[in-house]
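Undergrad: Quick one, coords.txt (compact mmCIF, C-alpha atoms and all ligand atoms):
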```txt
# COMPACT_ATOMS: atom_id res chain seq x y z
CA MET B 8 -18.87 -16.13 -0.01
CA LYS B 9 -19.64 -14.25 -3.20
CA VAL B 10 -17.55 -11.32 -4.36
CA GLY B 11 -18.01 -8.54 -6.92
CA ILE B 12 -14.98 -6.76 -8.38
CA LEU B 13 -15.68 -3.18 -9.46
CA GLY B 14 -13.11 -1.82 -11.95
CA LEU B 15 -11.57 -4.28 -14.41
CA GLY B 16 -8.79 -2.07 -15.79
CA TYR B 17 -5.15 -2.82 -15.06
CA TRP B 18 -5.42 -4.14 -11.48
CA GLY B 19 -9.00 -5.50 -11.25
CA PRO B 20 -8.29 -8.67 -13.32
CA ASN B 21 -5.64 -9.68 -10.75
CA LEU B 22 -8.33 -9.51 -8.07
CA VAL B 23 -10.70 -11.59 -10.23
CA ARG B 24 -8.04 -14.26 -10.69
CA ASN B 25 -7.10 -14.42 -7.01
CA PHE B 26 -10.66 -14.44 -5.65
CA LEU B 27 -11.59 -17.12 -8.23
CA SER B 28 -8.79 -19.37 -7.02
CA ASN B 29 -9.83 -19.17 -3.36
CA LYS B 30 -11.90 -22.16 -2.23
CA GLN B 31 -14.08 -20.07 0.09
CA ILE B 32 -15.39 -18.08 -2.87
CA THR B 33 -18.40 -19.62 -4.62
CA LYS B 34 -19.11 -16.88 -7.17
CA VAL B 35 -17.21 -13.95 -8.70
CA TYR B 36 -18.92 -11.05 -10.43
CA GLY B 37 -17.08 -8.36 -12.43
CA CYS B 38 -18.26 -4.82 -13.09
CA ASP B 39 -16.85 -2.06 -15.28
CA ALA B 40 -18.48 0.87 -17.09
CA ASN B 41 -16.35 -0.01 -20.13
CA SER B 42 -17.86 -3.01 -21.98
CA LYS B 43 -14.48 -3.82 -23.58
CA ARG B 44 -13.16 -4.58 -20.11
CA THR B 45 -16.14 -6.76 -19.12
CA ASP B 46 -15.97 -8.60 -22.47
CA LEU B 47 -12.30 -9.32 -21.89
CA ILE B 48 -12.99 -10.71 -18.42
CA SER B 49 -15.88 -12.89 -19.71
CA GLN B 50 -13.57 -14.36 -22.36
CA LYS B 51 -10.68 -14.97 -19.99
CA PHE B 52 -12.72 -16.20 -17.01
CA PRO B 53 -15.95 -17.78 -18.39
CA GLY B 54 -17.38 -18.44 -14.90
CA VAL B 55 -17.44 -14.73 -14.05
CA GLU B 56 -20.76 -12.92 -14.52
CA THR B 57 -20.33 -9.27 -15.54
CA PHE B 58 -22.24 -5.98 -15.31
CA ASN B 59 -21.67 -2.56 -16.80
CA ASN B 60 -23.16 -0.50 -14.02
CA TYR B 61 -22.57 -0.48 -10.29
CA ASP B 62 -26.28 -0.55 -9.37
CA SER B 63 -26.61 -4.02 -10.91
CA LEU B 64 -23.70 -5.24 -8.80
CA LEU B 65 -25.26 -3.70 -5.67
CA LYS B 66 -28.54 -5.49 -6.47
CA SER B 67 -26.79 -8.87 -6.83
CA ASP B 68 -26.26 -11.37 -4.00
CA VAL B 69 -22.60 -10.47 -3.28
CA ASP B 70 -21.22 -10.52 0.29
CA ILE B 71 -18.05 -8.58 -0.58
CA ILE B 72 -17.39 -5.72 -2.99
CA ALA B 73 -13.79 -5.11 -4.10
CA ILE B 74 -13.15 -1.62 -5.47
CA ALA B 75 -10.38 -1.26 -8.05
CA THR B 76 -11.41 2.01 -9.71
CA PRO B 77 -9.43 5.31 -9.72
CA VAL B 78 -8.70 6.77 -6.27
CA ASP B 79 -11.13 9.69 -6.49
CA THR B 80 -14.04 7.23 -6.83
CA HIS B 81 -13.12 4.91 -3.91
CA PHE B 82 -15.09 6.77 -1.24
CA LYS B 83 -18.38 7.01 -3.16
CA PHE B 84 -18.38 3.32 -4.16
CA ALA B 85 -17.12 2.11 -0.78
CA LYS B 86 -19.80 4.06 1.11
CA GLU B 87 -22.58 2.66 -1.09
CA ALA B 88 -21.21 -0.87 -0.64
CA LEU B 89 -21.05 -0.57 3.16
CA GLU B 90 -24.49 1.02 3.34
CA SER B 91 -25.86 -1.93 1.38
CA GLY B 92 -24.35 -4.29 3.98
CA ARG B 93 -21.28 -5.54 2.09
CA HIS B 94 -17.75 -6.07 3.42
CA ILE B 95 -15.33 -4.07 1.29
CA TRP B 96 -11.89 -4.50 -0.23
CA VAL B 97 -10.51 -1.13 -1.35
CA GLU B 98 -7.44 -0.60 -3.47
CA LYS B 99 -4.62 1.58 -2.20
CA PRO B 100 -4.73 4.44 -1.37
CA PHE B 101 -7.88 3.87 0.70
CA THR B 102 -9.54 7.28 0.10
CA SER B 103 -8.75 10.80 -1.12
CA THR B 104 -9.02 12.37 2.36
CA SER B 105 -8.71 11.22 5.95
CA GLU B 106 -12.24 12.50 6.66
CA GLN B 107 -13.57 10.08 4.04
CA ALA B 108 -11.57 7.23 5.57
CA LYS B 109 -12.95 7.99 9.03
CA GLU B 110 -16.51 8.10 7.71
CA LEU B 111 -16.13 4.67 6.11
CA LEU B 112 -14.60 3.27 9.31
CA GLU B 113 -17.54 4.59 11.34
CA ILE B 114 -20.12 3.03 9.01
CA ALA B 115 -18.26 -0.30 9.09
CA GLU B 116 -18.07 -0.24 12.92
CA VAL B 117 -21.79 0.46 13.29
CA LYS B 118 -22.74 -2.26 10.79
CA ASN B 119 -20.03 -4.71 11.93
CA LEU B 120 -18.60 -4.96 8.40
CA LYS B 121 -14.93 -5.47 7.56
CA ILE B 122 -12.72 -3.18 5.50
CA PHE B 123 -9.62 -4.55 3.78
CA VAL B 124 -7.23 -2.03 2.23
CA ASP B 125 -5.02 -3.57 -0.44
CA HIS B 126 -1.57 -2.77 0.88
CA THR B 127 -0.38 -5.70 -1.21
CA PHE B 128 3.29 -5.58 -0.21
CA ILE B 129 2.48 -6.48 3.40
CA TYR B 130 1.65 -9.99 2.15
CA THR B 131 4.94 -10.50 0.28
CA GLY B 132 7.42 -13.01 1.66
CA ALA B 133 10.07 -10.27 1.76
CA VAL B 134 8.10 -7.87 3.96
CA GLN B 135 6.91 -10.71 6.21
CA LYS B 136 10.55 -11.78 6.64
CA ILE B 137 11.68 -8.22 7.47
CA ARG B 138 8.96 -7.94 10.10
CA GLU B 139 9.97 -11.32 11.55
CA LEU B 140 13.61 -10.19 11.80
CA ILE B 141 12.55 -6.95 13.47
CA ASP B 142 10.28 -8.77 15.93
CA HIS B 143 13.21 -11.04 16.86
CA GLY B 144 15.39 -7.99 17.52
CA GLU B 145 17.82 -8.93 14.76
CA LEU B 146 18.12 -5.38 13.38
CA GLY B 147 17.86 -3.64 16.77
CA LYS B 148 16.15 -0.25 16.94
CA ILE B 149 15.30 1.15 13.51
CA ARG B 150 17.02 4.51 13.01
CA TYR B 151 15.99 5.22 9.42
CA PHE B 152 13.91 3.93 6.52
CA ASP B 153 14.99 5.02 3.04
CA SER B 154 13.05 3.99 -0.04
CA VAL B 155 13.29 4.51 -3.82
CA ARG B 156 10.46 3.51 -6.19
CA ILE B 157 11.13 4.94 -9.63
CA ASN B 158 10.59 3.95 -13.28
CA LEU B 159 8.76 5.06 -16.42
CA GLY B 160 5.37 4.69 -14.75
CA LEU B 161 1.76 5.14 -15.84
CA PHE B 162 0.58 8.71 -15.17
CA GLN B 163 -2.67 8.72 -13.16
CA HIS B 164 -5.30 11.29 -14.15
CA ASP B 165 -6.52 11.93 -10.61
CA VAL B 166 -3.46 11.76 -8.29
CA ASN B 167 0.22 12.64 -8.24
CA VAL B 168 3.14 10.21 -8.02
CA ILE B 169 3.18 10.25 -4.19
CA TRP B 170 -0.46 9.14 -3.98
CA ASP B 171 0.16 6.49 -6.64
CA LEU B 172 3.46 4.93 -5.55
CA ALA B 173 4.24 5.92 -1.96
CA PRO B 174 1.29 4.04 -0.36
CA HIS B 175 3.25 0.83 -0.96
CA ASP B 176 6.32 2.10 0.88
CA LEU B 177 4.37 3.92 3.59
CA SER B 178 2.42 0.76 4.36
CA ILE B 179 5.71 -1.18 4.59
CA MET B 180 7.14 1.55 6.85
CA PHE B 181 4.17 1.31 9.24
CA TYR B 182 4.31 -2.48 9.24
CA THR B 183 8.05 -2.87 9.76
CA MET B 184 8.35 -0.08 12.32
CA PRO B 185 5.56 -0.96 14.77
CA GLY B 186 5.27 1.28 17.80
CA LEU B 187 6.97 4.28 16.18
CA THR B 188 4.83 7.42 15.82
CA PRO B 189 5.09 9.73 12.79
CA LYS B 190 4.79 13.35 13.88
CA ALA B 191 5.46 15.51 10.81
CA VAL B 192 5.79 15.35 7.04
CA ALA B 193 7.67 17.38 4.45
CA ALA B 194 7.47 16.90 0.68
CA ASN B 195 8.81 18.42 -2.50
CA GLY B 196 7.90 17.60 -6.05
CA ILE B 197 7.63 18.85 -9.58
CA ALA B 198 4.86 18.59 -12.19
CA ASN B 199 6.58 18.68 -15.57
CA TYR B 200 3.72 17.53 -17.80
CA TYR B 201 0.30 18.27 -16.23
CA GLN B 202 -1.10 19.44 -12.90
CA HIS B 203 0.13 16.44 -10.85
CA GLU B 204 3.74 15.94 -9.69
CA ASN B 205 5.64 13.22 -11.55
CA VAL B 206 8.79 13.32 -9.36
CA ALA B 207 8.65 13.75 -5.58
CA HIS B 208 10.55 13.36 -2.32
CA LEU B 209 8.70 12.77 0.92
CA SER B 210 10.16 12.84 4.44
CA VAL B 211 8.46 11.53 7.56
CA TYR B 212 9.69 12.56 11.02
CA PHE B 213 8.88 10.49 14.11
CA GLU B 214 8.37 11.24 17.81
CA GLU B 215 11.27 8.83 18.33
CA ASN B 216 14.81 9.43 17.00
CA CYS B 217 13.97 8.00 13.59
CA PHE B 218 13.41 9.29 10.06
CA ALA B 219 11.93 7.94 6.82
CA HIS B 220 12.44 9.15 3.27
CA PHE B 221 10.66 8.18 0.03
CA HIS B 222 11.72 9.00 -3.50
CA VAL B 223 9.06 8.33 -6.13
CA ASN B 224 9.19 9.08 -9.86
CA TRP B 225 7.11 8.16 -12.93
CA THR B 226 9.72 9.56 -15.32
CA SER B 227 12.90 7.68 -14.48
CA PRO B 228 14.66 5.78 -17.29
CA VAL B 229 15.72 3.09 -14.83
CA LYS B 230 13.49 0.97 -12.64
CA ILE B 231 14.51 0.87 -8.99
CA ARG B 232 12.47 -0.71 -6.21
CA ARG B 233 14.79 -0.62 -3.25
CA MET B 234 14.54 0.19 0.43
CA LEU B 235 16.97 0.34 3.28
CA LEU B 236 16.17 -0.15 6.94
CA GLY B 237 18.99 1.01 9.17
CA GLY B 238 18.89 -0.70 12.53
CA ASP B 239 21.32 0.00 15.35
CA LYS B 240 22.39 -3.68 15.28
CA LYS B 241 22.12 -4.64 11.62
CA MET B 242 20.93 -3.13 8.37
CA CYS B 243 18.54 -4.54 5.81
CA VAL B 244 18.29 -3.90 2.08
CA PHE B 245 15.10 -4.99 0.29
CA ASP B 246 15.57 -4.96 -3.49
CA ASP B 247 12.35 -6.00 -5.20
CA MET B 248 14.06 -6.11 -8.61
CA GLU B 249 16.12 -9.10 -7.45
CA ASN B 250 14.56 -12.43 -8.38
CA PHE B 251 16.15 -14.51 -5.65
CA GLU B 252 18.04 -12.52 -3.01
CA LYS B 253 15.38 -9.90 -2.37
CA ILE B 254 16.53 -9.22 1.19
CA LYS B 255 20.07 -8.81 2.38
CA ILE B 256 21.00 -8.39 6.02
CA TYR B 257 24.27 -6.61 6.69
CA ASP B 258 25.95 -7.04 10.03
CA SER B 259 27.33 -3.54 9.65
CA GLY B 260 26.97 -0.39 11.66
CA VAL B 261 28.49 2.61 13.30
CA GLU B 262 29.66 2.90 16.88
CA MET B 263 30.45 6.22 18.50
CA ASN B 264 32.37 6.01 21.75
CA SER B 265 31.68 9.49 23.16
CA LYS B 266 28.52 11.40 22.41
CA GLU B 267 29.20 14.13 24.98
CA LYS B 268 32.53 15.39 23.67
CA ILE B 269 31.79 15.21 20.00
CA HIS B 270 35.22 16.61 19.01
CA GLU B 271 36.80 13.68 20.82
CA ALA B 272 34.37 11.13 19.49
CA LEU B 273 35.75 8.20 17.63
CA VAL B 274 33.44 6.85 14.98
CA GLN B 275 34.03 3.20 14.37
CA TYR B 276 32.56 1.30 11.48
CA ARG B 277 31.67 -2.31 11.92
CA ILE B 278 31.64 -4.24 8.67
CA GLY B 279 30.62 -7.84 9.20
CA ASP B 280 28.95 -10.62 7.26
CA MET B 281 26.05 -10.29 4.89
CA TYR B 282 23.41 -12.97 4.38
CA SER B 283 20.24 -13.28 2.37
CA PRO B 284 17.40 -15.13 4.12
CA LYS B 285 14.98 -17.26 2.11
CA VAL B 286 11.61 -15.64 1.54
CA ASN B 287 8.22 -17.17 0.72
CA SER B 288 7.33 -16.64 -2.94
CA THR B 289 3.54 -17.22 -2.72
CA GLU B 290 1.67 -14.50 -4.62
CA ALA B 291 0.93 -11.69 -2.15
CA LEU B 292 -2.58 -11.04 -3.50
CA SER B 293 -3.69 -14.61 -2.87
CA LEU B 294 -2.48 -14.33 0.75
CA GLY B 295 -4.31 -11.00 1.02
CA VAL B 296 -7.54 -12.60 -0.20
CA SER B 297 -7.18 -15.47 2.33
CA GLU B 298 -6.48 -13.03 5.16
CA PHE B 299 -9.56 -10.96 4.32
CA LEU B 300 -11.88 -13.97 4.15
CA THR B 301 -10.47 -15.37 7.39
CA ALA B 302 -10.90 -12.00 9.11
CA ILE B 303 -14.56 -11.90 8.00
CA ASN B 304 -15.11 -15.45 9.30
CA GLU B 305 -13.40 -14.65 12.60
CA ASN B 306 -15.18 -11.28 12.95
CA ARG B 307 -11.91 -9.34 13.33
CA ASN B 308 -10.11 -6.63 11.38
CA PRO B 309 -7.76 -7.92 8.68
CA LEU B 310 -4.00 -7.34 8.84
CA THR B 311 -4.37 -4.40 6.43
CA SER B 312 -7.58 -2.77 7.61
CA GLY B 313 -9.25 0.58 7.07
CA TYR B 314 -7.25 1.88 10.05
CA ASP B 315 -4.00 1.12 8.22
CA GLY B 316 -5.49 2.78 5.14
CA LEU B 317 -6.25 5.88 7.22
CA ASN B 318 -2.68 6.05 8.60
CA VAL B 319 -1.31 6.13 5.05
CA VAL B 320 -3.88 8.66 3.80
CA ARG B 321 -3.02 11.06 6.66
CA ILE B 322 0.57 11.19 5.44
CA LEU B 323 -0.43 11.55 1.78
CA GLU B 324 -2.76 14.41 2.69
CA ALA B 325 -0.02 16.18 4.65
CA SER B 326 2.35 15.71 1.69
CA ASP B 327 -0.05 17.66 -0.58
CA LEU B 328 -0.07 20.55 1.87
CA SER B 329 3.70 20.50 2.20
CA ILE B 330 4.28 20.44 -1.58
CA LYS B 331 1.97 23.48 -1.97
CA LYS B 332 4.09 25.26 0.66
CA HIS B 333 7.39 24.31 -1.03
CA GLY B 334 8.44 21.66 1.41
CA GLN B 335 7.22 23.24 4.65
CA LEU B 336 7.04 20.84 7.62
CA ILE B 337 3.43 19.81 8.31
CA GLU B 338 2.68 18.50 11.80
CA LEU B 339 0.40 15.46 11.89
CA LYS B 340 -2.57 15.96 14.19
N1 LIG B 401 -2.32 -2.92 -5.01
C1 LIG B 401 -1.56 -2.65 -6.05
O1 LIG B 401 -0.39 -3.08 -6.15
C2 LIG B 401 -2.14 -1.82 -7.16
C3 LIG B 401 -1.55 -1.81 -8.43
C4 LIG B 401 -2.12 -1.02 -9.42
C5 LIG B 401 -3.24 -0.25 -9.14
N2 LIG B 401 -3.78 -0.28 -7.88
C6 LIG B 401 -4.96 0.55 -7.55
O2 LIG B 401 -6.10 0.01 -8.23
C7 LIG B 401 -7.00 1.06 -8.56
C8 LIG B 401 -7.26 1.02 -10.07
O3 LIG B 401 -6.06 1.23 -10.76
P1 LIG B 401 -5.85 0.73 -12.27
O4 LIG B 401 -4.43 1.02 -12.59
O5 LIG B 401 -6.40 -0.65 -12.43
O6 LIG B 401 -6.80 1.77 -13.04
P2 LIG B 401 -7.43 1.61 -14.50
O7 LIG B 401 -7.75 3.00 -14.94
O8 LIG B 401 -6.57 0.75 -15.36
O9 LIG B 401 -8.79 0.82 -14.24
C9 LIG B 401 -9.89 1.40 -13.59
C10 LIG B 401 -11.15 0.77 -14.19
O10 LIG B 401 -12.27 1.31 -13.45
C11 LIG B 401 -13.33 1.49 -14.37
N3 LIG B 401 -14.26 2.48 -13.85
C12 LIG B 401 -14.04 3.77 -13.57
N4 LIG B 401 -15.15 4.37 -13.11
C13 LIG B 401 -16.12 3.42 -13.12
C14 LIG B 401 -17.49 3.42 -12.76
N5 LIG B 401 -18.11 4.54 -12.34
N6 LIG B 401 -18.19 2.27 -12.86
C15 LIG B 401 -17.59 1.14 -13.31
N7 LIG B 401 -16.28 1.09 -13.68
C16 LIG B 401 -15.56 2.21 -13.57
C17 LIG B 401 -12.66 1.97 -15.65
O11 LIG B 401 -13.46 1.76 -16.80
C18 LIG B 401 -11.38 1.13 -15.67
O12 LIG B 401 -11.52 -0.04 -16.43
C19 LIG B 401 -6.34 2.36 -8.09
O13 LIG B 401 -6.81 2.67 -6.81
C20 LIG B 401 -4.87 1.99 -8.00
O14 LIG B 401 -4.15 2.77 -7.06
C21 LIG B 401 -3.27 -1.05 -6.92
```
Output the structure of this file as structure tokens.
Ligand SMILES: NC(=O)c1ccc[n+]([C@@H]2O[C@H](COP(=O)([O-])OP(=O)(O)OC[C@H]3O[C@@H](n4cnc5c(N)ncnc54)[C@H](O)[C@@H]3O)[C@@H](O)[C@H]2O)c1
TA:
Amino acid sequence: MKVGILGLGYWGPNLVRNFLSNKQITKVYGCDANSKRTDLISQKFPGVETFNNYDSLLKSDVDIIAIATPVDTHFKFAKEALESGRHIWVEKPFTSTSEQAKELLEIAEVKNLKIFVDHTFIYTGAVQKIRELIDHGELGKIRYFDSVRINLGLFQHDVNVIWDLAPHDLSIMFYTMPGLTPKAVAANGIANYYQHENVAHLSVYFEENCFAHFHVNWTSPVKIRRMLLGGDKKMCVFDDMENFEKIKIYDSGVEMNSKEKIHEALVQYRIGDMYSPKVNSTEALSLGVSEFLTAINENRNPLTSGYDGLNVVRILEASDLSIKKHGQLIELK
């Protein structure tokens, strides 16, 4: 298969490198409006042919177009790619609205084309291990998901910090809590420097007795990438800043012996062993590329498809509405 990468800024070169190293890929094209970016790619990867306008890429013989441009351009480029008969890889977040996501999904269904949304973290060894533990019932029922992703981050011109950072954590939430249904969203945030929020808190409420919270910040002096999954059997901490022990499983919990007479209830804490399972360290993007190509060959949706992209966008969209209304709860339709 032949692939064209549109957008060779910060993230696009990682896609070039990972598609180039996949044996199923026979040719990689690069495209960016900025000739400095295409020149850089030509120097670094001499086998990659480059263009400076999207029309030239559309006219080439590519089977797949990967879109790594700013979020507000994803829909336009993705629609043109699908309409020209190409499978698409779209960076997170999939689109700027859920209506756009649905439109792309409809076109892909009609044309039998595949959409891959780059929820990169799903392909990390850590997230795969967490899902495995959950599937084996090791953590029990998940009661809460609590995530912090903060540092001195790059401000995006077109989206706020929730749209930039939370897609990672929301995609992990959906993947590690299968079968649970989000029903409402509340968000608060502040824009200290320009029109988009740079610090925000997002809460997701579920139909089931479960809750998720996300703290994202581009203006934190410390870098934290940590999430907690509280199960009713065991608890899991995923710390992505750790080089080796990224996941720790705590055999700890709370037991309440009488829920009816709360004044008589005895809360007992169980503090048991902690262990850190080994996780696969293969680069997540290379596994994402393999999954997408396999899905195309097998004529099925990839593990992170346009439907997963839509689920995340629905929550992001609701968070915008909630922030405008100072944290009001927004029901998900
Ligand atoms: N999956 C991840 O972990 C991850 C990490 C970083 C960024 N991203 C996503 O990747 C996308 C790009 O982010 P970035 O940080 O690389 O942005 P960036 O601004 O560094 O790069 C975007 C590139 O797109 C090019 N571009 C813009 N409009 C164009 C057009 N009309 N035609 C051709 N080229 C055009 C720009 O010249 C620029 O080089 C975003 O959606 C972002 O959310 C994903």
Undergrad: Padding 3 Å on every side, please: axis-aligned box over the listed atoms of ligand LIG 401 (chain B), centre and edge lengths to one decimal in Å, as AutoDock Vina command-line options.
TA:
```
--center_x -9.3 --center_y 0.7 --center_z -10.9 --size_x 23.8 --size_y 13.6 --size_z 17.8
```
Undergrad: Within 6 Å of (26.2, -2.5, 16.9), all atoms listed in the file: residues as a PyMOL selection string?
TA: chain B and resi 239-240+260
Undergrad: Is there a way to get, as an NGL selection string, all residues within 12 Å of the point (19.0, -11.3, 16.0) in file coordinates, counting only C-alpha atoms?
TA: :B and (137 or 139-148 or 238-242 or 256-258)
Undergrad: Could you pull out the residues sitting within 8 Å of ligand LIG 401 (chain B), using all atoms listed in the file, and write them as a JSON list (two decimals) with C-alpha atoms, keeping the file's coordinate frame?
TA:
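To be explicit, this is the file written out as part-v5.json:
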```json
[["chain", "number", "residue", "atom", "x", "y", "z"],
["B", 13, "LEU", "CA", -15.68, -3.18, -9.46],
["B", 14, "GLY", "CA", -13.11, -1.82, -11.95],
["B", 15, "LEU", "CA", -11.57, -4.28, -14.41],
["B", 16, "GLY", "CA", -8.79, -2.07, -15.79],
["B", 17, "TYR", "CA", -5.15, -2.82, -15.06],
["B", 18, "TRP", "CA", -5.42, -4.14, -11.48],
["B", 19, "GLY", "CA", -9.00, -5.50, -11.25],
["B", 38, "CYS", "CA", -18.26, -4.82, -13.09],
["B", 39, "ASP", "CA", -16.85, -2.06, -15.28],
["B", 40, "ALA", "CA", -18.48, 0.87, -17.09],
["B", 41, "ASN", "CA", -16.35, -0.01, -20.13],
["B", 44, "ARG", "CA", -13.16, -4.58, -20.11],
["B", 59, "ASN", "CA", -21.67, -2.56, -16.80],
["B", 60, "ASN", "CA", -23.16, -0.50, -14.02],
["B", 61, "TYR", "CA", -22.57, -0.48, -10.29],
["B", 74, "ILE", "CA", -13.15, -1.62, -5.47],
["B", 75, "ALA", "CA", -10.38, -1.26, -8.05],
["B", 76, "THR", "CA", -11.41, 2.01, -9.71],
["B", 77, "PRO", "CA", -9.43, 5.31, -9.72],
["B", 78, "VAL", "CA", -8.70, 6.77, -6.27],
["B", 80, "THR", "CA", -14.04, 7.23, -6.83],
["B", 81, "HIS", "CA", -13.12, 4.91, -3.91],
["B", 97, "VAL", "CA", -10.51, -1.13, -1.35],
["B", 98, "GLU", "CA", -7.44, -0.60, -3.47],
["B", 99, "LYS", "CA", -4.62, 1.58, -2.20],
["B", 100, "PRO", "CA", -4.73, 4.44, -1.37],
["B", 101, "PHE", "CA", -7.88, 3.87, 0.70],
["B", 125, "ASP", "CA", -5.02, -3.57, -0.44],
["B", 126, "HIS", "CA", -1.57, -2.77, 0.88],
["B", 127, "THR", "CA", -0.38, -5.70, -1.21],
["B", 128, "PHE", "CA", 3.29, -5.58, -0.21],
["B", 163, "GLN", "CA", -2.67, 8.72, -13.16],
["B", 170, "TRP", "CA", -0.46, 9.14, -3.98],
["B", 171, "ASP", "CA", 0.16, 6.49, -6.64],
["B", 175, "HIS", "CA", 3.25, 0.83, -0.96]]
```
Undergrad: Find, counting all atoms listed in the file, the residue in B:Ile337, B:Ile322, B:Ala133, B:Val206 that gets nearest to Lys255 of chain B.
TA: B:Ala133
Undergrad: Tell me which of B:Lys118, B:Lys34, B:Lys253, B:Arg321 sits closest to Pro189 of chain B, counting only C-alpha atoms.
TA: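 Answer, going by the shortest atom-to-atom distance: B:Arg321.
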Undergrad: Would you please work out which residue, of B:Thr188, B:Ile278, B:Gln202, B:Ile231, is nearest to Glu215 of chain B when using only C-alpha atoms?
TA: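 Nearest candidate to Glu215 of chain B out of B:Thr188, B:Ile278, B:Gln202, B:Ile231: B:Thr188.
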Undergrad: Go ahead and compute the interatomic distance for atom CA of Gly11 of chain B and atom CA of Asp79 of chain B, in Å to one decimal.
TA: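 So the two atoms, atom CA of Gly11 of chain B and atom CA of Asp79 of chain B, lie 19.5 Å apart.
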Undergrad: Which residues are near segment 297-303 of chain B? Cut-off 8 Å, only C-alpha atoms, ignore same chain within fewer than 4 positions. Put them as JSON, numbers by chain.
TA: {"B": [29, 31, 121, 123, 293, 307, 308, 309, 310]}
Undergrad: Go through B:Asp153, B:Asp176, B:Asp165, B:Glu56 and flag the residue nearest Val319 of chain B, using all atoms listed in the file for the distances.
TA: B:Asp176
Undergrad: Here is a test: counting all atoms listed in the file, which residue of B:Thr183, B:Thr102, B:Leu64, B:Phe162 is nearest to Cys243 of chain B?
TA: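 Closest residue, counting all atoms listed in the file: B:Thr183.
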Undergrad: May I ask for the distance between atom CA of Lys136 of chain B and atom CA of Leu292 of chain B, given in Å to one decimal place?
TA: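 Atom-to-atom, atom CA of Lys136 of chain B and atom CA of Leu292 of chain B are spaced 16.6 Å apart.
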Undergrad: How many Å separate atom CA of Ser227 of chain B from atom CA of Glu204 of chain B?
TA: 13.2 Å
Undergrad: Name the closest residue to Ala115 of chain B among the candidates B:Ser312, B:Thr289, B:Asn264, B:Ser259; distances are taken between atoms, counting all atoms listed in the file.
TA: B:Ser312
Undergrad: Report as a short mmCIF file (atom, residue, chain, number, x, y, z; two decimals) with C-alpha atoms, in the frame of the given file all protein, DNA and RNA residues lying within 7 Å of Gly313 of chain B, evaluated on all atoms listed in the file, omitting residues in the same chain fewer than 5 positions from it.
TA:
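Produced file selection-v3.cif, reproduced below:
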```
data_model
loop_
_atom_site.label_atom_id
_atom_site.label_comp_id
_atom_site.auth_asym_id
_atom_site.auth_seq_id
_atom_site.Cartn_x
_atom_site.Cartn_y
_atom_site.Cartn_z
CA LEU B 112 -14.60 3.27 9.31
CA ILE B 122 -12.72 -3.18 5.50
CA PHE B 123 -9.62 -4.55 3.78
CA VAL B 124 -7.23 -2.03 2.23
#
```
Undergrad: Quick one: everything within 12 Å of Met248 of chain B, counting only C-alpha atoms, minus sequence neighbours fewer than 4 positions away in the same chain. Send it as a PDB file with C-alpha atoms, in the frame of the given file.
TA:
```pdb
ATOM      1  CA  ALA B 133      10.070 -10.270   1.760  1.00  0.00           C
ATOM      2  CA  VAL B 155      13.290   4.510  -3.820  1.00  0.00           C
ATOM      3  CA  ARG B 156      10.460   3.510  -6.190  1.00  0.00           C
ATOM      4  CA  ILE B 157      11.130   4.940  -9.630  1.00  0.00           C
ATOM      5  CA  ASN B 158      10.590   3.950 -13.280  1.00  0.00           C
ATOM      6  CA  VAL B 229      15.720   3.090 -14.830  1.00  0.00           C
ATOM      7  CA  LYS B 230      13.490   0.970 -12.640  1.00  0.00           C
ATOM      8  CA  ILE B 231      14.510   0.870  -8.990  1.00  0.00           C
ATOM      9  CA  ARG B 232      12.470  -0.710  -6.210  1.00  0.00           C
ATOM     10  CA  ARG B 233      14.790  -0.620  -3.250  1.00  0.00           C
ATOM     11  CA  MET B 234      14.540   0.190   0.430  1.00  0.00           C
ATOM     12  CA  VAL B 244      18.290  -3.900   2.080  1.00  0.00           C
ATOM     13  CA  GLU B 252      18.040 -12.520  -3.010  1.00  0.00           C
ATOM     14  CA  LYS B 253      15.380  -9.900  -2.370  1.00  0.00           C
ATOM     15  CA  ILE B 254      16.530  -9.220   1.190  1.00  0.00           C
TER      16      ILE B 254
END
```
Undergrad: Write out as a ChimeraX atom specification each polymer residue whose atoms come within 9 Å of segment 49-53 of chain B, counting all atoms listed in the file; drop sequence neighbours fewer than 6 positions from it.
TA: /B:23-24,27,37
Undergrad: Can you list, as a PyMOL selection string, every protein, DNA or RNA residue that comes within 10 Å of Asn287 of chain B when you count all atoms listed in the file, leaving out same-chain residues fewer than 6 positions away?
TA: chain B and resi 130-136
Undergrad: Go ahead and save the picked residues with C-alpha atoms, as an mmCIF file, in the coordinates of the input.
TA:
```
data_model
loop_
_atom_site.group_PDB
_atom_site.id
_atom_site.type_symbol
_atom_site.label_atom_id
_atom_site.label_comp_id
_atom_site.auth_asym_id
_atom_site.auth_seq_id
_atom_site.Cartn_x
_atom_site.Cartn_y
_atom_site.Cartn_z
ATOM 1 C CA TYR B 130 1.650 -9.990 2.150
ATOM 2 C CA THR B 131 4.940 -10.500 0.280
ATOM 3 C CA GLY B 132 7.420 -13.010 1.660
ATOM 4 C CA ALA B 133 10.070 -10.270 1.760
ATOM 5 C CA VAL B 134 8.100 -7.870 3.960
ATOM 6 C CA GLN B 135 6.910 -10.710 6.210
ATOM 7 C CA LYS B 136 10.550 -11.780 6.640
#
```
